[in-house]
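Source file: protein_25.txt. Holds: compact mmCIF, C-alpha atoms.
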# COMPACT_ATOMS: atom_id res chain seq x y z
CA MET F 1 10.55 -12.98 20.10
CA VAL F 2 7.38 -10.98 19.56
CA SER F 3 6.35 -9.17 22.68
CA ARG F 4 2.71 -9.09 23.62
CA ARG F 5 1.42 -5.79 24.83
CA ALA F 6 -1.09 -5.78 27.64
CA PRO F 7 -4.43 -4.21 26.74
CA ALA F 8 -4.52 -0.53 27.53
CA PRO F 9 -6.76 0.42 30.42
CA GLU F 10 -9.91 2.30 29.55
CA ARG F 11 -9.32 5.96 30.16
CA GLU F 12 -12.99 6.89 30.36
CA PRO F 13 -15.66 5.22 32.47
CA THR F 14 -18.22 5.54 29.67
CA ALA F 15 -17.42 2.19 28.07
CA VAL F 16 -17.40 0.40 31.43
CA LYS F 17 -20.74 1.90 32.46
CA ALA F 18 -22.24 0.98 29.10
CA ARG F 19 -21.21 -2.66 29.57
CA ILE F 20 -22.66 -2.69 33.06
CA LEU F 21 -25.97 -1.24 31.85
CA THR F 22 -26.20 -3.83 29.09
CA ALA F 23 -25.56 -6.67 31.52
CA ALA F 24 -28.00 -5.19 34.03
CA ARG F 25 -30.81 -4.97 31.48
CA SER F 26 -30.57 -8.69 30.84
CA GLU F 27 -30.32 -9.58 34.54
CA PHE F 28 -33.22 -7.41 35.68
CA ALA F 29 -35.42 -8.43 32.76
CA ALA F 30 -34.93 -12.08 33.66
CA LEU F 31 -35.05 -11.90 37.47
CA GLY F 32 -36.31 -8.48 38.53
CA LEU F 33 -34.78 -6.05 40.99
CA THR F 34 -34.98 -8.20 44.12
CA ALA F 35 -33.55 -11.41 42.68
CA GLY F 36 -31.10 -9.74 40.31
CA SER F 37 -27.46 -10.15 41.32
CA VAL F 38 -24.90 -7.36 41.21
CA ARG F 39 -22.16 -9.97 41.21
CA THR F 40 -23.63 -11.68 38.14
CA ILE F 41 -24.02 -8.33 36.40
CA GLY F 42 -20.40 -7.50 37.15
CA GLU F 43 -19.21 -10.86 35.81
CA ARG F 44 -21.12 -10.35 32.57
CA ALA F 45 -19.72 -6.85 32.22
CA GLY F 46 -16.18 -7.96 33.02
CA VAL F 47 -15.91 -5.91 36.22
CA THR F 48 -16.17 -6.48 39.94
CA ALA F 49 -19.32 -6.02 42.00
CA ALA F 50 -17.48 -3.25 43.86
CA MET F 51 -17.00 -1.38 40.59
CA VAL F 52 -20.71 -1.70 39.80
CA ASN F 53 -21.52 -0.18 43.18
CA TYR F 54 -18.90 2.53 42.68
CA TYR F 55 -20.43 3.71 39.41
CA PHE F 56 -24.11 3.35 40.31
CA GLY F 57 -24.27 3.46 44.12
CA GLY F 58 -25.77 0.00 44.54
CA LYS F 59 -28.33 -2.24 42.91
CA ARG F 60 -31.26 0.16 43.20
CA GLY F 61 -29.22 2.95 41.63
CA LEU F 62 -28.20 0.64 38.79
CA TYR F 63 -31.79 -0.45 38.25
CA ASP F 64 -32.99 3.16 38.08
CA ALA F 65 -30.19 3.95 35.63
CA VAL F 66 -31.25 1.07 33.37
CA VAL F 67 -34.85 2.31 33.26
CA ALA F 68 -33.87 5.97 32.87
CA GLU F 69 -31.49 5.19 30.01
CA ALA F 70 -34.15 3.24 28.12
CA GLU F 71 -36.78 5.89 28.70
CA GLY F 72 -34.39 8.55 27.47
CA ARG F 73 -34.04 6.68 24.22
CA LEU F 74 -37.82 6.33 24.02
CA ARG F 75 -38.28 10.10 24.34
CA GLU F 76 -35.67 10.65 21.64
CA ARG F 77 -37.48 8.22 19.35
CA LEU F 78 -40.84 9.90 19.89
CA LEU F 79 -39.42 13.38 19.38
CA ALA F 80 -37.72 12.25 16.17
CA ALA F 81 -41.04 10.85 14.94
CA LEU F 82 -42.64 14.26 15.50
CA THR F 83 -40.04 16.16 13.47
CA PRO F 84 -42.21 16.22 10.31
CA VAL F 85 -45.08 17.67 12.36
CA HIS F 86 -42.91 20.45 13.77
CA GLU F 87 -41.59 21.26 10.31
CA ARG F 88 -45.05 21.78 8.89
CA ARG F 89 -46.30 23.35 12.14
CA GLY F 90 -49.43 21.24 12.31
CA ARG F 91 -51.03 18.63 14.53
CA SER F 92 -52.60 16.32 11.98
CA GLY F 93 -51.17 12.81 12.08
CA VAL F 94 -49.46 13.20 15.46
CA ALA F 95 -51.21 10.26 17.10
CA ALA F 96 -50.35 7.89 14.26
CA LEU F 97 -46.71 8.96 14.25
CA LEU F 98 -46.38 8.47 18.00
CA ALA F 99 -48.12 5.09 17.90
CA GLY F 100 -45.87 3.81 15.13
CA ALA F 101 -42.71 5.07 16.80
CA TYR F 102 -43.67 3.62 20.18
CA PHE F 103 -44.54 0.27 18.63
CA ASP F 104 -41.19 0.10 16.81
CA PHE F 105 -39.32 1.01 19.98
CA LEU F 106 -40.98 -1.69 22.08
CA ALA F 107 -40.44 -4.25 19.33
CA GLU F 108 -36.72 -3.60 19.79
CA GLU F 109 -36.79 -3.14 23.58
CA ARG F 110 -38.10 -6.47 24.81
CA GLU F 111 -36.04 -6.33 27.98
CA LEU F 112 -37.42 -2.94 28.94
CA GLN F 113 -40.97 -4.25 28.68
CA ARG F 114 -40.14 -7.14 31.03
CA ILE F 115 -38.46 -4.81 33.51
CA LEU F 116 -41.37 -2.39 33.67
CA LEU F 117 -43.93 -5.20 33.95
CA ARG F 118 -41.99 -6.72 36.83
CA GLU F 119 -41.84 -3.35 38.54
CA VAL F 120 -45.59 -2.90 38.19
CA LEU F 121 -46.16 -6.31 39.78
CA ASP F 122 -43.61 -5.91 42.58
CA GLN F 123 -44.00 -2.33 43.79
CA GLY F 124 -47.36 -2.63 45.59
CA GLU F 125 -48.32 0.54 47.43
CA SER F 126 -45.52 2.60 45.89
CA MET F 127 -46.93 2.10 42.41
CA GLY F 128 -48.03 5.74 42.25
CA GLU F 129 -44.44 6.87 42.64
CA VAL F 130 -43.33 4.42 39.97
CA VAL F 131 -45.88 5.72 37.48
CA ALA F 132 -44.98 9.33 38.22
CA ARG F 133 -41.28 8.64 37.74
CA HIS F 134 -41.72 6.80 34.46
CA LEU F 135 -44.52 8.77 32.80
CA SER F 136 -44.11 12.36 34.00
CA PRO F 137 -41.41 13.18 31.40
CA LEU F 138 -43.86 12.22 28.63
CA ARG F 139 -46.74 14.33 29.94
CA PRO F 140 -45.59 17.64 28.38
CA MET F 141 -45.36 15.91 24.99
CA PHE F 142 -48.92 14.60 25.31
CA GLN F 143 -50.25 17.96 26.42
CA GLN F 144 -48.55 19.82 23.62
CA HIS F 145 -50.16 17.71 20.91
CA PHE F 146 -53.36 16.38 22.47
CA GLY F 147 -54.28 19.18 24.87
CA LYS F 148 -54.55 19.32 28.66
CA GLY F 149 -58.14 18.23 29.08
CA ASP F 150 -59.33 15.01 30.67
CA GLU F 151 -60.44 13.51 27.35
CA ALA F 152 -57.05 14.25 25.80
CA MET F 153 -55.27 12.40 28.59
CA HIS F 154 -57.60 9.41 28.19
CA LEU F 155 -56.82 9.42 24.48
CA ALA F 156 -53.08 9.33 25.16
CA VAL F 157 -53.44 6.51 27.72
CA SER F 158 -55.64 4.46 25.38
CA LEU F 159 -53.24 4.97 22.51
CA PHE F 160 -50.12 3.92 24.39
CA GLY F 161 -51.96 1.11 26.15
CA ALA F 162 -53.00 -0.33 22.80
CA VAL F 163 -49.34 -0.46 21.82
CA ALA F 164 -47.84 -1.72 25.08
CA GLY F 165 -50.53 -4.33 25.65
CA TRP F 166 -49.44 -6.27 22.59
CA PHE F 167 -45.97 -6.81 24.02
CA LEU F 168 -47.03 -7.33 27.62
CA TYR F 169 -49.51 -10.07 26.73
CA GLU F 170 -47.52 -11.88 24.07
CA PRO F 171 -47.46 -15.16 26.05
CA VAL F 172 -51.25 -15.50 25.80
CA LEU F 173 -51.75 -13.97 22.37
CA ALA F 174 -50.32 -17.01 20.58
CA SER F 175 -53.26 -19.19 21.58
CA PHE F 176 -55.71 -16.36 20.86
CA PHE F 177 -54.48 -15.77 17.31
CA GLY F 178 -53.29 -19.29 16.60
CA ALA F 179 -49.97 -17.84 15.47
CA ASP F 180 -46.76 -16.49 16.96
CA PRO F 181 -47.33 -12.80 17.85
CA ARG F 182 -43.59 -12.26 17.43
CA SER F 183 -43.71 -13.29 13.78
CA ARG F 184 -42.96 -10.55 11.28
CA LYS F 185 -46.32 -10.93 9.54
CA LEU F 186 -48.48 -10.70 12.67
CA ARG F 187 -46.39 -7.93 14.20
CA GLU F 188 -46.60 -5.81 11.05
CA ARG F 189 -50.36 -6.35 10.95
CA ARG F 190 -50.64 -5.26 14.57
CA ARG F 191 -48.59 -2.14 13.89
CA GLN F 192 -50.83 -1.26 10.98
CA HIS F 193 -53.90 -1.73 13.16
CA VAL F 194 -52.52 0.47 15.96
CA VAL F 195 -51.67 3.27 13.52
CA GLN F 196 -55.17 3.11 12.06
CA LEU F 197 -56.60 3.15 15.57
CA ALA F 198 -54.51 6.22 16.37
CA GLN F 199 -55.89 8.00 13.34
CA THR F 200 -59.40 7.27 14.59
CA PHE F 201 -58.49 8.56 18.06
CA GLU F 202 -57.20 11.77 16.53
CA GLU F 203 -60.56 12.44 14.87
CA MET F 204 -62.44 12.15 18.15
CA PRO F 205 -63.71 15.46 19.62
CA ARG F 206 -61.73 16.75 22.61

Before we go any further, please render this structure as structure tokens.
Amino acid sequence: MVSRRAPAPEREPTAVKARILTAARSEFAALGLTAGSVRTIGERAGVTAAMVNYYFGGKRGLYDAVVAEAEGRLRERLLAALTPVHERRGRSGVAALLAGAYFDFLAEERELQRILLREVLDQGESMGEVVARHLSPLRPMFQQHFGKGDEAMHLAVSLFGAVAGWFLYEPVLASFFGADPRSRKLRERRRQHVVQLAQTFEEMPR
């Protein structure tokens, strides 16, 4: 008789936490923070709701961890895009590089876009705190490459808004363009346009 060995328990919590974060992204993107269920997240991750709370301290802590993890990857992507600029010690082309990298990231991170949009709609008077929490880590990067003046900050906001708006308004863009904005052809055209727009922004006096 061939004996069947029971699966070995996971020695590190890293794999468990990663499964919980993946399940939480889907749950919060679909239902938001208020309606999202810790029990459902636990079931999808193959753990109990108590274990979810143990690792993340409750639903709010889990939600913040989901957003922080995604934003950490966004910062890594943007910094990687700027590597050629640092190597040549110049500033030319920074805006285009950042726009392209941000566009590519959001094209892959559809759930993050839904989560952040829901948070914007649901937070009400605490929106200022939300913005500070999400955008403050990116401010030093903007200031380093665009400057600290008012016009430089407007440039950065316009640039990133031009990218994010495409994904936030996808449901209405189909009727506007008469084509699926998620199609490869239209998305690539939009990316090209945003990069060209960034190059124009970079030439503006600041």

- Counting all atoms listed in the file, note down every residue that has an atom within 10 Å of the point (-42.4, -3.8, 16.0) (file coordinates), as a list in words.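 Checking each residue against the 10 Å limit leaves Gly100, Ala101, Tyr102, Phe103, Asp104, Phe105, Leu106, Ala107, Glu108, Glu109, Val163, Trp166, Phe167, Arg182, Ser183, Arg184, Leu186, Arg187, Glu188, Arg189, Arg190 and Arg191 of chain F.
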
- Message: List the spatial neighbours of region 153-155 of chain F as JSON, numbers by chain - criterion: any atom at most 8 Å away, all atoms listed in the file, same-chain residues fewer than 5 positions off excluded.
- Response: {"F": [142, 143, 146, 147, 148, 201]}

For C-alpha atoms, I'd like the residues from the last selection saved as a PDB file, keeping the file's coordinate frame.
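What landed in again_28.pdb:
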ATOM      1  CA  PHE F 142     -48.920  14.600  25.310  1.00  0.00           C
ATOM      2  CA  GLN F 143     -50.250  17.960  26.420  1.00  0.00           C
ATOM      3  CA  PHE F 146     -53.360  16.380  22.470  1.00  0.00           C
ATOM      4  CA  GLY F 147     -54.280  19.180  24.870  1.00  0.00           C
ATOM      5  CA  LYS F 148     -54.550  19.320  28.660  1.00  0.00           C
ATOM      6  CA  PHE F 201     -58.490   8.560  18.060  1.00  0.00           C
TER       7      PHE F 201
END

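CA of Leu112 (chain F) sits 21.0 Å away from CA of Glu43 (chain F).
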
- Residue with smallest distance to Met51 (chain F) - pool F:Gly161, F:Pro13, F:Gly72, F:Gly36, counting all atoms listed in the file: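 Selected residue with least distance to Met51 (chain F): F:Pro13.
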
- Which one of F:Leu173, F:Val16, F:Ile115, F:Val194 sits closest to Glu71 (chain F) if you count all atoms listed in the file? F:Ile115

- Message: Considering all atoms listed in the file, can you say which of F:Pro181, F:Gly42, F:Gly93, F:Gly165 comes closest to Thr200 (chain F)?
- Response: F:Gly93

- Task: Would you mind telling me which residue in F:Val157, F:Arg114, F:Tyr55, F:Leu168 lies nearest to Leu31 (chain F) when using all atoms listed in the file?
- Result: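 Looking at the shortest contact to Leu31 (chain F), the residue is F:Arg114.
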
- Item | Point-to-point distance in Å for CA of Val47 (chain F) and CA of Leu33 (chain F) |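 Computing it gives 19.5 Å between the two atoms.
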
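You can rank F:Gly58, F:His145, F:Ala95, F:Val172 by their closest distance to Ser158 (chain F) using all atoms listed in the file, and at the top of that list sits F:Ala95.
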
- Query: CA of Ala29 (chain F) and CA of Ala45 (chain F) are how many Å apart?
  - Reply: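 Straight-line distance from CA of Ala29 (chain F) to CA of Ala45 (chain F) works out to 15.8 Å.
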
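For the residues F:Phe160, F:Phe177, F:Val38, F:Val195, ranking by smallest atom-to-atom distance to Gly61 (chain F) using only C-alpha atoms places F:Val38 first.
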
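Using all atoms listed in the file, the residues found no farther than 8 Å from region 63-66 of chain F, other than those of its own chain fewer than 5 positions away, are Leu21, Ala24, Arg25, Phe28, Leu33 and Phe56 of chain F.
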